[in-house]
Amino acid sequence: MKWYRRNGRDLPWRRTRDPYAVLVSEFMLQQTQVATVLPYYSAWIRRFPDFPTLAQSAESAVLHAWQGLGYYDRARNLHGLAQIVTRSHAGALPRDLLAIRHLPGVGRYTANAIASFAFDAPLPVVEANIGRVLARLLDLREPIDSAAGRETLWDFAALLMPQRQPSAHNSALMDLGALICTAGKPQCGICPVRSFCRAREPALLPIKRMRPRIELLSEHHSFAVHGDRVLLEQSHARWRGMWILPRWSGRPATGVPLHTAEFPFTNHRVTLSVFRQPRRAPALTAAHWWFSFNELQALPVPSPHRRALNHLLARSS
């Protein structure tokens with residue numbers, strides 16, 4: 001705690017006890033680094049300052065504000081959660097841990113983190129940084145992403161939990177992992193808890209199960225412009241509710257792609273190829289729409305398709 005008071009990170013969600021602001025930060029930080037989240041968090045709080053405002057917003061506006069953060073189900077869950085809180089809890093997040101756990105998109109970690117950081121509840125939290133610290137302190141030799149390994153970490157975190165300043169304790173452990181007990185080269189020489197650490201080779205910990213093989217996918221889309229309008233398709237799959245370049249059911253028989261790019265998605269590496277749509281295009285459906293160039297900026301468009309659109313429109317202008 002002494003180390004944390006001197007060295008802890010100054011993060012905007014740590015300057016408030018507003019349960020809504022804390023909850024937004026926890027949703028954004030799921031599978032996303034702090035540096036990436038910071039600008040999105042500030043913009044989100046300005047645009048959607050509370051549960052009722054978010055609840056009353058259109059899904060397209062919510063997805064537009066989230067674009068670039070990825071894992072868009074988090075945004076949909078956050079939107080649905082705000083509607084439940086507004087409708088069933090008078091716009092205030094319930095303090096009861098079980099009630100928080102029943103909200104969409106909230107698991108054990110997120111529920112405990114919200115209760116700890118918003119209500120100062122003495123509850124443990126285990127995310128990537130804390131898990132790494134605890135695994136090294138214990139010299140844990142089982143994978144931390146196995147059921148047994150996860151429970152060992154949660155049990156140890158609970159044993160360490162103080163009754164006084166529990167939220168600061170959790171933040172201190174988190175920052176210890178982010179700043180000192182790092183994944184690559186832990187700075188053991190200046191670690192404030194080194195005398196308690198059992199790890200003989202901390203850089204080799206934590207142990208994780210072998211990751212699944214990266215699968216390669218190819219996705220083909222088309223580009224069609226008419227005057228100052230471009231054709232887009234509303235996705236009903238991976239990017240449900242967002243606008244993408246129209247899909248090809250298979251690879252076009254002829255032609256060279258106008259644009260090719262790669263991007264990661266979970267355990268996939270996707271190659272996106274965009275071809276010019278021929279004059280005899282497939283019949284349009286209710287999912288297709290012609291948008292003027294001026295409307296594009298306000299649309300929720302996933303980052304790979306946004307980059308492709310910007311590139312292709314710049315070339316065609």
# chains A, B, ... in the order shown; residues from 1 in each chain; ligands from 1

$ residues_around --residues "Thr86 (chain A)" --least-positions-apart "6" --cutoff "7 Å" --atoms "only C-alpha atoms" --output "JSON, numbers by chain"
{"A": [51, 52, 55]}

$ residues_around --residues "Ser218 (chain A)" --least-positions-apart "3" --cutoff "8 Å" --atoms "only C-alpha atoms" --output "CSV table (one decimal) with N, CA, C and O atoms, in the first residue's frame"
chain,number,residue,atom,x,y,z
A,270,VAL,N,-7.7,-13.0,-40.3
A,270,VAL,CA,-8.6,-12.8,-41.4
A,270,VAL,C,-8.0,-11.9,-42.5
A,270,VAL,O,-7.4,-10.9,-42.2
A,271,THR,N,-8.1,-12.4,-43.7
A,271,THR,CA,-7.6,-11.6,-44.9
A,271,THR,C,-8.9,-11.1,-45.5
A,271,THR,O,-9.8,-11.8,-46.0
A,272,LEU,N,-9.0,-9.7,-45.5
A,272,LEU,CA,-10.1,-9.0,-46.1
A,272,LEU,C,-9.7,-8.6,-47.5
A,272,LEU,O,-8.8,-7.8,-47.7
A,273,SER,N,-10.5,-9.0,-48.5
A,273,SER,CA,-10.3,-8.6,-49.9
A,273,SER,C,-11.5,-7.9,-50.4
A,273,SER,O,-12.6,-8.5,-50.3

$ atom_distance --atom1 "CA of Val37 (chain A)" --atom2 "CA of His236 (chain A)"
26.0 Å

$ residues_around --residues "Pro186 (chain A)" --least-positions-apart "4" --cutoff "9 Å" --atoms "only C-alpha atoms" --output "JSON, numbers by chain"
{"A": [177, 179, 180, 181, 182, 191, 202, 203]}

$ write_last_selection --atoms "C-alpha atoms" --output "PDB file, in the first residue's frame"
ATOM      1  CA  GLY A 177       1.560  -6.398 -12.033  1.00  0.00           C
ATOM      2  CA  LEU A 179       4.414  -1.703 -13.543  1.00  0.00           C
ATOM      3  CA  ILE A 180       6.794  -4.059 -11.666  1.00  0.00           C
ATOM      4  CA  CYS A 181       5.783  -7.720 -11.923  1.00  0.00           C
ATOM      5  CA  THR A 182       5.420  -7.465 -15.702  1.00  0.00           C
ATOM      6  CA  CYS A 191       9.536  -5.120  -6.027  1.00  0.00           C
ATOM      7  CA  PRO A 202       9.431 -15.548 -12.119  1.00  0.00           C
ATOM      8  CA  ALA A 203       9.862 -14.733 -15.815  1.00  0.00           C
TER       9      ALA A 203
END

$ atom_distance --atom1 "CA of Tyr41 (chain A)" --atom2 "CA of Val106 (chain A)"
18.2 Å

$ residues_around --residues "Val34 (chain A)" --least-positions-apart "5" --cutoff "12 Å" --atoms "only C-alpha atoms" --output "CSV table (one decimal) with N, CA, C and O atoms, in the first residue's frame"
chain,number,residue,atom,x,y,z
A,9,ARG,N,-1.0,4.3,-10.6
A,9,ARG,CA,-1.4,5.0,-11.8
A,9,ARG,C,-2.6,5.9,-11.6
A,9,ARG,O,-3.5,5.5,-10.9
A,10,ASP,N,-2.5,7.1,-12.1
A,10,ASP,CA,-3.6,8.1,-12.0
A,10,ASP,C,-4.5,7.8,-13.2
A,10,ASP,O,-4.3,8.3,-14.3
A,11,LEU,N,-5.6,7.1,-13.0
A,11,LEU,CA,-6.6,6.7,-14.0
A,11,LEU,C,-7.9,7.4,-13.8
A,11,LEU,O,-8.3,7.5,-12.6
A,12,PRO,N,-8.6,7.8,-14.8
A,12,PRO,CA,-9.8,8.6,-14.6
A,12,PRO,C,-10.9,7.9,-13.8
A,12,PRO,O,-11.6,8.5,-13.0
A,13,TRP,N,-11.0,6.6,-14.0
A,13,TRP,CA,-12.1,5.8,-13.3
A,13,TRP,C,-11.7,5.6,-11.8
A,13,TRP,O,-12.5,5.1,-11.0
A,25,SER,N,-15.9,1.5,-17.2
A,25,SER,CA,-14.4,1.3,-17.3
A,25,SER,C,-14.1,-0.2,-17.3
A,25,SER,O,-13.3,-0.7,-18.1
A,26,GLU,N,-14.9,-1.0,-16.5
A,26,GLU,CA,-14.6,-2.4,-16.4
A,26,GLU,C,-15.0,-3.1,-17.7
A,26,GLU,O,-14.4,-4.0,-18.1
A,27,PHE,N,-16.1,-2.7,-18.3
A,27,PHE,CA,-16.5,-3.3,-19.6
A,27,PHE,C,-15.5,-3.0,-20.6
A,27,PHE,O,-15.1,-3.9,-21.4
A,28,MET,N,-15.0,-1.8,-20.7
A,28,MET,CA,-14.0,-1.4,-21.7
A,28,MET,C,-12.7,-2.1,-21.5
A,28,MET,O,-12.0,-2.5,-22.5
A,29,LEU,N,-12.3,-2.4,-20.3
A,29,LEU,CA,-11.0,-3.0,-20.0
A,29,LEU,C,-11.0,-4.5,-20.1
A,29,LEU,O,-9.9,-5.1,-20.1
A,39,PRO,N,-8.8,7.1,-24.2
A,39,PRO,CA,-9.6,8.1,-24.9
A,39,PRO,C,-11.0,7.7,-25.1
A,39,PRO,O,-11.9,8.6,-25.2
A,40,TYR,N,-11.3,6.4,-25.3
A,40,TYR,CA,-12.7,6.0,-25.5
A,40,TYR,C,-13.5,6.2,-24.2
A,40,TYR,O,-14.7,6.6,-24.3
A,41,TYR,N,-12.9,6.0,-23.0
A,41,TYR,CA,-13.6,6.1,-21.8
A,41,TYR,C,-14.1,7.6,-21.6
A,41,TYR,O,-15.3,7.8,-21.3
A,69,LEU,N,-12.8,-0.4,-30.4
A,69,LEU,CA,-12.5,-1.1,-29.2
A,69,LEU,C,-12.6,-2.6,-29.4
A,69,LEU,O,-12.1,-3.4,-28.6
A,129,ASN,N,-3.1,-8.9,-14.7
A,129,ASN,CA,-2.0,-8.4,-13.9
A,129,ASN,C,-1.9,-9.1,-12.5
A,129,ASN,O,-0.9,-9.5,-12.0
A,174,MET,N,-3.0,-4.7,-8.8
A,174,MET,CA,-3.1,-4.5,-10.2
A,174,MET,C,-2.0,-3.8,-10.8
A,174,MET,O,-1.4,-4.1,-11.8
A,175,ASP,N,-1.6,-2.7,-10.1
A,175,ASP,CA,-0.5,-1.8,-10.6
A,175,ASP,C,0.8,-2.5,-10.4
A,175,ASP,O,1.8,-2.2,-11.1
A,178,ALA,N,1.2,-4.4,-13.4
A,178,ALA,CA,1.3,-3.6,-14.6
A,178,ALA,C,2.6,-2.9,-14.7
A,178,ALA,O,3.2,-2.7,-15.8

$ residues_around --residues "Thr16 (chain A)" --least-positions-apart "5" --cutoff "8 Å" --atoms "only C-alpha atoms" --output "list in words"
Ala21, Val22 and Ala118 of chain A

$ atom_distance --atom1 "CA of Leu134 (chain A)" --atom2 "CA of Ala157 (chain A)"
7.5 Å

$ residues_around --residues "region 70-85 of chain A" --least-positions-apart "3" --cutoff "8 Å" --atoms "only C-alpha atoms" --output "list in words"
Val24, Phe27, Met28, Phe51, Pro52, Leu54, Ala55, Gln56, Glu59, Val62, Leu63, Trp66, Gln67, Ser88, His89, Ala90, Gly91, Ala92, Leu93, Leu103, Pro104, Gly105, Trp239 and Pro302 of chain A

$ select_by_dssp --residues "region 178-314 of chain A" --states "strand (DSSP E or B)" --output "ChimeraX atom specification"
/A:215-223,225-226,229-234,243-244,247,259-265,268-276,288-292

$ residues_around --residues "Ala158 (chain A)" --least-positions-apart "2" --cutoff "12 Å" --atoms "only C-alpha atoms" --output "list in words"
Asn112, Pro122, Leu123, Pro124, Val125, Val126, Leu134, Glu151, Thr152, Leu153, Trp154, Asp155, Phe156, Leu160, Met161, Pro162, Gln163, Pro166, His169 and Asn170 of chain A

$ write_last_selection --atoms "N, CA and C atoms" --output "PDB file, in the first residue's frame"
ATOM      1  N   ASN A 112     -17.232  -8.409  -8.974  1.00  0.00           N
ATOM      2  CA  ASN A 112     -16.392  -8.096  -7.818  1.00  0.00           C
ATOM      3  C   ASN A 112     -15.668  -6.771  -7.988  1.00  0.00           C
ATOM      4  N   PRO A 122     -15.112  -5.497   0.388  1.00  0.00           N
ATOM      5  CA  PRO A 122     -13.889  -6.312   0.554  1.00  0.00           C
ATOM      6  C   PRO A 122     -13.962  -7.601  -0.254  1.00  0.00           C
ATOM      7  N   LEU A 123     -13.896  -7.479  -1.553  1.00  0.00           N
ATOM      8  CA  LEU A 123     -14.004  -8.620  -2.454  1.00  0.00           C
ATOM      9  C   LEU A 123     -12.753  -8.722  -3.312  1.00  0.00           C
ATOM     10  N   PRO A 124     -12.241  -9.934  -3.543  1.00  0.00           N
ATOM     11  CA  PRO A 124     -11.047 -10.088  -4.373  1.00  0.00           C
ATOM     12  C   PRO A 124     -11.375  -9.905  -5.850  1.00  0.00           C
ATOM     13  N   VAL A 125     -10.386  -9.483  -6.610  1.00  0.00           N
ATOM     14  CA  VAL A 125     -10.489  -9.457  -8.070  1.00  0.00           C
ATOM     15  C   VAL A 125      -9.230 -10.092  -8.633  1.00  0.00           C
ATOM     16  N   VAL A 126      -9.396 -10.844  -9.683  1.00  0.00           N
ATOM     17  CA  VAL A 126      -8.252 -11.491 -10.339  1.00  0.00           C
ATOM     18  C   VAL A 126      -8.371 -11.258 -11.832  1.00  0.00           C
ATOM     19  N   LEU A 134       0.044 -13.044  -8.294  1.00  0.00           N
ATOM     20  CA  LEU A 134      -0.269 -14.109  -7.343  1.00  0.00           C
ATOM     21  C   LEU A 134       0.370 -15.433  -7.750  1.00  0.00           C
ATOM     22  N   GLU A 151      -9.151 -21.232  -9.607  1.00  0.00           N
ATOM     23  CA  GLU A 151      -9.679 -21.268  -8.242  1.00  0.00           C
ATOM     24  C   GLU A 151      -8.579 -21.053  -7.209  1.00  0.00           C
ATOM     25  N   THR A 152      -7.383 -21.564  -7.485  1.00  0.00           N
ATOM     26  CA  THR A 152      -6.262 -21.327  -6.572  1.00  0.00           C
ATOM     27  C   THR A 152      -5.972 -19.836  -6.454  1.00  0.00           C
ATOM     28  N   LEU A 153      -5.968 -19.123  -7.577  1.00  0.00           N
ATOM     29  CA  LEU A 153      -5.700 -17.685  -7.560  1.00  0.00           C
ATOM     30  C   LEU A 153      -6.807 -16.929  -6.827  1.00  0.00           C
ATOM     31  N   TRP A 154      -8.064 -17.268  -7.103  1.00  0.00           N
ATOM     32  CA  TRP A 154      -9.174 -16.577  -6.438  1.00  0.00           C
ATOM     33  C   TRP A 154      -9.154 -16.832  -4.927  1.00  0.00           C
ATOM     34  N   ASP A 155      -8.837 -18.058  -4.519  1.00  0.00           N
ATOM     35  CA  ASP A 155      -8.770 -18.366  -3.092  1.00  0.00           C
ATOM     36  C   ASP A 155      -7.642 -17.584  -2.419  1.00  0.00           C
ATOM     37  N   PHE A 156      -6.504 -17.505  -3.088  1.00  0.00           N
ATOM     38  CA  PHE A 156      -5.364 -16.772  -2.530  1.00  0.00           C
ATOM     39  C   PHE A 156      -5.680 -15.278  -2.452  1.00  0.00           C
ATOM     40  N   LEU A 160      -5.788 -12.782   0.999  1.00  0.00           N
ATOM     41  CA  LEU A 160      -5.010 -11.548   1.138  1.00  0.00           C
ATOM     42  C   LEU A 160      -5.875 -10.315   1.388  1.00  0.00           C
ATOM     43  N   MET A 161      -7.190 -10.426   1.169  1.00  0.00           N
ATOM     44  CA  MET A 161      -8.059  -9.259   1.164  1.00  0.00           C
ATOM     45  C   MET A 161      -8.188  -8.624   2.554  1.00  0.00           C
ATOM     46  N   PRO A 162      -7.807  -7.356   2.706  1.00  0.00           N
ATOM     47  CA  PRO A 162      -7.977  -6.673   3.987  1.00  0.00           C
ATOM     48  C   PRO A 162      -9.389  -6.104   4.118  1.00  0.00           C
ATOM     49  N   GLN A 163      -9.826  -5.825   5.323  1.00  0.00           N
ATOM     50  CA  GLN A 163     -11.121  -5.195   5.542  1.00  0.00           C
ATOM     51  C   GLN A 163     -11.046  -3.683   5.371  1.00  0.00           C
ATOM     52  N   PRO A 166     -10.173  -1.955   0.874  1.00  0.00           N
ATOM     53  CA  PRO A 166     -10.062  -3.091  -0.056  1.00  0.00           C
ATOM     54  C   PRO A 166      -9.913  -2.673  -1.514  1.00  0.00           C
ATOM     55  N   HIS A 169      -6.379  -1.773  -2.103  1.00  0.00           N
ATOM     56  CA  HIS A 169      -5.580  -3.003  -2.110  1.00  0.00           C
ATOM     57  C   HIS A 169      -5.637  -3.667  -3.484  1.00  0.00           C
ATOM     58  N   ASN A 170      -6.851  -3.785  -4.055  1.00  0.00           N
ATOM     59  CA  ASN A 170      -6.979  -4.395  -5.382  1.00  0.00           C
ATOM     60  C   ASN A 170      -6.263  -3.574  -6.445  1.00  0.00           C
TER      61      ASN A 170
END

$ decode --residues "region 89-191 of chain A" --atoms "C-alpha atoms" --output "PDB file, in the first residue's frame"
ATOM      1  CA  HIS A  89     -33.564  -0.227 -10.489  1.00  0.00           C
ATOM      2  CA  ALA A  90     -34.631   3.412 -11.036  1.00  0.00           C
ATOM      3  CA  GLY A  91     -31.397   4.181 -12.888  1.00  0.00           C
ATOM      4  CA  ALA A  92     -29.088   3.249  -9.983  1.00  0.00           C
ATOM      5  CA  LEU A  93     -26.804   0.220  -9.983  1.00  0.00           C
ATOM      6  CA  PRO A  94     -27.811  -2.214  -7.204  1.00  0.00           C
ATOM      7  CA  ARG A  95     -25.246  -2.707  -4.427  1.00  0.00           C
ATOM      8  CA  ASP A  96     -26.101  -6.385  -3.980  1.00  0.00           C
ATOM      9  CA  LEU A  97     -23.398  -8.575  -5.540  1.00  0.00           C
ATOM     10  CA  LEU A  98     -25.844 -11.245  -6.708  1.00  0.00           C
ATOM     11  CA  ALA A  99     -28.006  -8.619  -8.437  1.00  0.00           C
ATOM     12  CA  ILE A 100     -24.924  -7.248 -10.198  1.00  0.00           C
ATOM     13  CA  ARG A 101     -23.933 -10.764 -11.301  1.00  0.00           C
ATOM     14  CA  HIS A 102     -27.324 -11.222 -12.983  1.00  0.00           C
ATOM     15  CA  LEU A 103     -26.793  -8.241 -15.285  1.00  0.00           C
ATOM     16  CA  PRO A 104     -25.799  -8.991 -18.927  1.00  0.00           C
ATOM     17  CA  GLY A 105     -22.079  -9.237 -19.624  1.00  0.00           C
ATOM     18  CA  VAL A 106     -21.150  -9.411 -15.929  1.00  0.00           C
ATOM     19  CA  GLY A 107     -19.162 -12.376 -14.608  1.00  0.00           C
ATOM     20  CA  ARG A 108     -17.360 -12.975 -11.325  1.00  0.00           C
ATOM     21  CA  TYR A 109     -14.464 -10.647 -12.016  1.00  0.00           C
ATOM     22  CA  THR A 110     -16.564  -7.742 -13.332  1.00  0.00           C
ATOM     23  CA  ALA A 111     -19.104  -8.024 -10.493  1.00  0.00           C
ATOM     24  CA  ASN A 112     -16.392  -8.096  -7.818  1.00  0.00           C
ATOM     25  CA  ALA A 113     -14.482  -5.249  -9.460  1.00  0.00           C
ATOM     26  CA  ILE A 114     -17.570  -3.018  -9.626  1.00  0.00           C
ATOM     27  CA  ALA A 115     -18.485  -3.777  -6.002  1.00  0.00           C
ATOM     28  CA  SER A 116     -14.895  -3.183  -4.884  1.00  0.00           C
ATOM     29  CA  PHE A 117     -14.123   0.010  -6.801  1.00  0.00           C
ATOM     30  CA  ALA A 118     -17.580   1.614  -6.575  1.00  0.00           C
ATOM     31  CA  PHE A 119     -18.722   0.467  -3.120  1.00  0.00           C
ATOM     32  CA  ASP A 120     -15.351  -0.396  -1.475  1.00  0.00           C
ATOM     33  CA  ALA A 121     -16.579  -3.928  -0.794  1.00  0.00           C
ATOM     34  CA  PRO A 122     -13.889  -6.312   0.554  1.00  0.00           C
ATOM     35  CA  LEU A 123     -14.004  -8.620  -2.454  1.00  0.00           C
ATOM     36  CA  PRO A 124     -11.047 -10.088  -4.373  1.00  0.00           C
ATOM     37  CA  VAL A 125     -10.489  -9.457  -8.070  1.00  0.00           C
ATOM     38  CA  VAL A 126      -8.252 -11.491 -10.339  1.00  0.00           C
ATOM     39  CA  GLU A 127      -7.427 -10.175 -13.824  1.00  0.00           C
ATOM     40  CA  ALA A 128      -4.291 -10.623 -15.931  1.00  0.00           C
ATOM     41  CA  ASN A 129      -1.969  -8.431 -13.855  1.00  0.00           C
ATOM     42  CA  ILE A 130      -3.144  -9.683 -10.454  1.00  0.00           C
ATOM     43  CA  GLY A 131      -3.157 -13.276 -11.673  1.00  0.00           C
ATOM     44  CA  ARG A 132       0.491 -12.938 -12.731  1.00  0.00           C
ATOM     45  CA  VAL A 133       1.514 -11.433  -9.368  1.00  0.00           C
ATOM     46  CA  LEU A 134      -0.269 -14.109  -7.343  1.00  0.00           C
ATOM     47  CA  ALA A 135       1.012 -16.969  -9.513  1.00  0.00           C
ATOM     48  CA  ARG A 136       4.577 -15.796  -8.915  1.00  0.00           C
ATOM     49  CA  LEU A 137       4.093 -15.215  -5.199  1.00  0.00           C
ATOM     50  CA  LEU A 138       2.808 -18.790  -4.900  1.00  0.00           C
ATOM     51  CA  ASP A 139       5.219 -20.237  -7.497  1.00  0.00           C
ATOM     52  CA  LEU A 140       2.065 -21.774  -8.966  1.00  0.00           C
ATOM     53  CA  ARG A 141       2.884 -24.734 -11.199  1.00  0.00           C
ATOM     54  CA  GLU A 142      -0.532 -25.357 -12.690  1.00  0.00           C
ATOM     55  CA  PRO A 143      -1.961 -23.381 -15.630  1.00  0.00           C
ATOM     56  CA  ILE A 144      -3.757 -20.262 -14.459  1.00  0.00           C
ATOM     57  CA  ASP A 145      -6.311 -20.665 -17.269  1.00  0.00           C
ATOM     58  CA  SER A 146      -7.348 -24.113 -16.013  1.00  0.00           C
ATOM     59  CA  ALA A 147     -10.251 -24.500 -13.598  1.00  0.00           C
ATOM     60  CA  ALA A 148      -7.961 -25.577 -10.766  1.00  0.00           C
ATOM     61  CA  GLY A 149      -5.468 -22.788 -11.440  1.00  0.00           C
ATOM     62  CA  ARG A 150      -8.166 -20.107 -11.535  1.00  0.00           C
ATOM     63  CA  GLU A 151      -9.679 -21.268  -8.242  1.00  0.00           C
ATOM     64  CA  THR A 152      -6.262 -21.327  -6.572  1.00  0.00           C
ATOM     65  CA  LEU A 153      -5.700 -17.685  -7.560  1.00  0.00           C
ATOM     66  CA  TRP A 154      -9.174 -16.577  -6.438  1.00  0.00           C
ATOM     67  CA  ASP A 155      -8.770 -18.366  -3.092  1.00  0.00           C
ATOM     68  CA  PHE A 156      -5.364 -16.772  -2.530  1.00  0.00           C
ATOM     69  CA  ALA A 157      -6.678 -13.326  -3.480  1.00  0.00           C
ATOM     70  CA  ALA A 158      -9.499 -13.766  -0.953  1.00  0.00           C
ATOM     71  CA  LEU A 159      -7.017 -14.716   1.794  1.00  0.00           C
ATOM     72  CA  LEU A 160      -5.010 -11.548   1.138  1.00  0.00           C
ATOM     73  CA  MET A 161      -8.059  -9.259   1.164  1.00  0.00           C
ATOM     74  CA  PRO A 162      -7.977  -6.673   3.987  1.00  0.00           C
ATOM     75  CA  GLN A 163     -11.121  -5.195   5.542  1.00  0.00           C
ATOM     76  CA  ARG A 164      -9.678  -1.675   5.410  1.00  0.00           C
ATOM     77  CA  GLN A 165      -9.279   0.023   1.998  1.00  0.00           C
ATOM     78  CA  PRO A 166     -10.062  -3.091  -0.056  1.00  0.00           C
ATOM     79  CA  SER A 167     -10.455  -1.175  -3.321  1.00  0.00           C
ATOM     80  CA  ALA A 168      -7.031   0.438  -2.897  1.00  0.00           C
ATOM     81  CA  HIS A 169      -5.580  -3.003  -2.110  1.00  0.00           C
ATOM     82  CA  ASN A 170      -6.979  -4.395  -5.382  1.00  0.00           C
ATOM     83  CA  SER A 171      -5.687  -1.386  -7.326  1.00  0.00           C
ATOM     84  CA  ALA A 172      -2.265  -1.791  -5.706  1.00  0.00           C
ATOM     85  CA  LEU A 173      -2.019  -5.447  -6.733  1.00  0.00           C
ATOM     86  CA  MET A 174      -3.148  -4.547 -10.228  1.00  0.00           C
ATOM     87  CA  ASP A 175      -0.538  -1.805 -10.604  1.00  0.00           C
ATOM     88  CA  LEU A 176       2.177  -4.002  -9.138  1.00  0.00           C
ATOM     89  CA  GLY A 177       1.560  -6.398 -12.033  1.00  0.00           C
ATOM     90  CA  ALA A 178       1.301  -3.630 -14.616  1.00  0.00           C
ATOM     91  CA  LEU A 179       4.414  -1.703 -13.543  1.00  0.00           C
ATOM     92  CA  ILE A 180       6.794  -4.059 -11.666  1.00  0.00           C
ATOM     93  CA  CYS A 181       5.783  -7.720 -11.923  1.00  0.00           C
ATOM     94  CA  THR A 182       5.420  -7.465 -15.702  1.00  0.00           C
ATOM     95  CA  ALA A 183       5.001 -10.292 -18.188  1.00  0.00           C
ATOM     96  CA  GLY A 184       8.313  -9.871 -19.985  1.00  0.00           C
ATOM     97  CA  LYS A 185      10.993  -8.806 -17.520  1.00  0.00           C
ATOM     98  CA  PRO A 186       9.802  -8.517 -13.920  1.00  0.00           C
ATOM     99  CA  GLN A 187      11.731  -5.898 -11.966  1.00  0.00           C
ATOM    100  CA  CYS A 188      12.315  -8.095  -8.934  1.00  0.00           C
ATOM    101  CA  GLY A 189      15.064  -5.860  -7.571  1.00  0.00           C
ATOM    102  CA  ILE A 190      12.629  -3.040  -6.784  1.00  0.00           C
ATOM    103  CA  CYS A 191       9.536  -5.120  -6.027  1.00  0.00           C
TER     104      CYS A 191
END
